[in-house]
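Engineer: First the structure, then my questions, so here it is.
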Amino acid sequence: MATNTNAHVLAAIVLVLALAASCATAQNVVELASGNFTTTVATGTSMVLFYSPWCPHCKRAAPAYRNFARKTKALRKDHPGFTIAQINCEANEETCDTHAIEGYPTFLIFQEGKALFEYDGETDSDSLTTFVTDAAKKGWKFTPHAAAAPPDAAAPVHEDL
C-alpha cells in the first residue's frame, strides 16, 4: 500500500512541476485574443506572433519564439514596456484580418498601439533575441530588415540561350 501511495504522490509532484514550468513559459509569451489585443499593444513596444495552429511553419517557429521570450526575460525586466505576445488567428480571425495577416507565421512590431512593420528576419531564437536586444540598446528605435528589391523590369530575367 505504501508503495502505491508513494507512486501517486510522486506522480502528483511531477504533474505540479510540469504545470509550473508550463505557466512560467506562458508568462513569458502573452496569449492575446480579440478582447485584450488592443489594450496589450496600446502602450510601449510589442512583438506579436500571428499564427495558426495548423501551420507547419508556425509549429516550427513556436519553440524558438518561446525560447526567445525566455532568453529576453531580463531585458523585459529592465524595459517593462516591452511585451512578447502571440495571437491564434484561427480563434481571432477578425483581429488578424484587421492587421491584414495573409500568411503564417507573421511577426508584427507595435509601438504605442500602431503596427510599425513586419519583422522578416530569421525566426530562430538567437536572431529574434539579437533583433530585440539591438532595438533596446537604441531606445526602441527599430531598423526593419530591408525587403529584397524587385528585379529591374528592364533587365532580362534569363540570359539568351
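Labels used: A, B, ... for chains in the order of the C-alpha cells, numbers from 1 for residues in each chain, and numbers from 1 for ligands as shown.
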Using only C-alpha atoms, determine which residues lie at most 6 Å from segment 42-50 of chain A, disregarding the query and same-chain residues fewer than 2 positions distant; provide the list as a PyMOL selection string.
Structural biologist: chain A and resi 38-40+81-87+105-113
Engineer: Output C-alpha atoms for every residue in the selection just made, as a compact mmCIF listing (two decimals), in the first residue's frame.
Structural biologist:
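part_22.txt was written with the following content:
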```txt
# COMPACT_ATOMS: atom_id res chain seq x y z
CA THR A 38 -5.77 46.47 -28.39
CA THR A 39 -5.12 47.16 -24.71
CA THR A 40 -1.99 44.97 -24.68
CA GLY A 81 7.18 48.44 -21.61
CA PHE A 82 8.29 45.62 -23.93
CA THR A 83 5.86 42.74 -24.46
CA ILE A 84 6.26 39.47 -26.33
CA ALA A 85 2.87 38.14 -27.39
CA GLN A 86 1.10 35.82 -29.79
CA ILE A 87 -2.39 35.50 -31.20
CA PRO A 105 3.72 32.97 -39.08
CA THR A 106 3.73 36.78 -39.19
CA PHE A 107 5.67 38.87 -36.66
CA LEU A 108 4.50 42.47 -36.26
CA ILE A 109 6.21 45.15 -34.20
CA PHE A 110 3.83 47.56 -32.45
CA GLN A 111 4.66 50.81 -30.68
CA GLU A 112 2.03 52.74 -28.78
CA GLY A 113 -0.73 50.76 -30.48
```
Engineer: Could you give me, as a PyMOL selection string, each residue of segment 34-134 of chain A that DSSP assigns to helix (DSSP H, G or I) when run on this structure's backbone?
Structural biologist: chain A and resi 37-41+56-71+73-78+93-98+125-134
Engineer: Between A:Asp97, A:Phe142, A:Thr72, A:Lys77, which one has atoms that come closest to Tyr119 of chain A, using only C-alpha atoms?
Structural biologist: A:Phe142
Engineer: What does the distance between atom CA of Gln27 of chain A and atom CA of Pro53 of chain A come to in Å, to one decimal place?
Structural biologist: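 Between atom CA of Gln27 of chain A and atom CA of Pro53 of chain A the gap is 19.4 Å.
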Engineer: Would you pick out the contacts of segment 123-129 of chain A at 9 Å or less, using only C-alpha atoms, so that residues sharing its chain but fewer than 6 positions from it are not included, and give the list as a list in words?
Structural biologist: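 Using only C-alpha atoms, the neighbours found are Ala61, Pro63, Ala64, Tyr65, Arg66, Asn67, Phe68, Ala69, Lys71 and Thr72 of chain A.
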Engineer: Generate the output file for the selected residues, all heavy atoms, as a compact mmCIF listing (two decimals), in the first residue's frame.
Structural biologist:
```txt
# COMPACT_ATOMS: atom_id res chain seq x y z
N ALA A 61 8.24 27.40 -35.62
CA ALA A 61 8.67 28.67 -35.03
C ALA A 61 8.30 28.77 -33.55
O ALA A 61 8.97 29.49 -32.81
CB ALA A 61 8.04 29.83 -35.80
N PRO A 63 8.59 26.86 -30.72
CA PRO A 63 9.61 26.64 -29.67
C PRO A 63 10.69 27.72 -29.68
O PRO A 63 11.15 28.14 -28.62
CB PRO A 63 10.20 25.27 -30.02
CG PRO A 63 9.22 24.61 -30.92
CD PRO A 63 8.50 25.71 -31.62
N ALA A 64 11.08 28.19 -30.86
CA ALA A 64 12.08 29.26 -30.94
C ALA A 64 11.54 30.55 -30.34
O ALA A 64 12.26 31.28 -29.65
CB ALA A 64 12.50 29.48 -32.39
N TYR A 65 10.26 30.84 -30.57
CA TYR A 65 9.64 32.06 -30.03
C TYR A 65 9.58 31.99 -28.50
O TYR A 65 9.88 32.96 -27.81
CB TYR A 65 8.25 32.23 -30.64
CG TYR A 65 7.68 33.63 -30.51
CD1 TYR A 65 8.32 34.71 -31.10
CD2 TYR A 65 6.50 33.85 -29.83
CE1 TYR A 65 7.79 35.99 -31.00
CE2 TYR A 65 5.97 35.12 -29.73
CZ TYR A 65 6.61 36.19 -30.31
OH TYR A 65 6.09 37.45 -30.22
N ARG A 66 9.21 30.82 -27.97
CA ARG A 66 9.19 30.64 -26.51
C ARG A 66 10.60 30.76 -25.93
O ARG A 66 10.79 31.39 -24.89
CB ARG A 66 8.57 29.29 -26.14
CG ARG A 66 7.06 29.25 -26.33
CD ARG A 66 6.45 27.99 -25.72
NE ARG A 66 7.03 26.76 -26.24
CZ ARG A 66 6.57 26.10 -27.30
NH1 ARG A 66 5.51 26.54 -27.95
NH2 ARG A 66 7.15 24.99 -27.70
N ASN A 67 11.58 30.20 -26.61
CA ASN A 67 12.96 30.29 -26.16
C ASN A 67 13.44 31.74 -26.20
O ASN A 67 14.11 32.22 -25.27
CB ASN A 67 13.86 29.39 -27.01
CG ASN A 67 15.24 29.24 -26.43
OD1 ASN A 67 15.44 29.25 -25.22
ND2 ASN A 67 16.22 29.11 -27.30
N PHE A 68 13.10 32.45 -27.25
CA PHE A 68 13.40 33.88 -27.37
C PHE A 68 12.80 34.65 -26.21
O PHE A 68 13.46 35.48 -25.58
CB PHE A 68 12.87 34.39 -28.72
CG PHE A 68 12.49 35.83 -28.78
CD1 PHE A 68 13.43 36.84 -28.64
CD2 PHE A 68 11.16 36.18 -29.01
CE1 PHE A 68 13.06 38.17 -28.74
CE2 PHE A 68 10.78 37.50 -29.09
CZ PHE A 68 11.73 38.50 -28.95
N ALA A 69 11.55 34.35 -25.87
CA ALA A 69 10.89 35.03 -24.75
C ALA A 69 11.61 34.73 -23.44
O ALA A 69 11.80 35.63 -22.61
CB ALA A 69 9.43 34.62 -24.68
N LYS A 71 14.80 33.87 -23.12
CA LYS A 71 16.12 34.48 -23.17
C LYS A 71 16.08 35.99 -22.94
O LYS A 71 17.08 36.57 -22.53
CB LYS A 71 16.79 34.18 -24.52
CG LYS A 71 17.22 32.73 -24.65
CD LYS A 71 17.60 32.35 -26.05
CE LYS A 71 18.77 33.09 -26.61
NZ LYS A 71 19.19 32.56 -27.92
N THR A 72 14.96 36.62 -23.22
CA THR A 72 14.87 38.08 -23.08
C THR A 72 14.12 38.49 -21.80
O THR A 72 13.72 39.64 -21.66
CB THR A 72 14.18 38.71 -24.30
OG1 THR A 72 12.90 38.11 -24.48
CG2 THR A 72 15.03 38.54 -25.56
```
Engineer: Please determine, counting only C-alpha atoms, which residue among A:His57, A:Lys141, A:Asn36, A:Tyr51 has the shortest atom-to-atom distance to Glu102 of chain A.
Structural biologist: A:Tyr51
Engineer: Between atom CA of Val29 of chain A and atom CA of Glu122 of chain A, measure the distance and give it in Å to one decimal.
Structural biologist: 18.6 Å
Engineer: Just the number, please: distance in Å from atom CA of Asp120 of chain A to atom CA of Val132 of chain A, one decimal.
Structural biologist: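 Between atom CA of Asp120 of chain A and atom CA of Val132 of chain A the gap works out to 13.0 Å.
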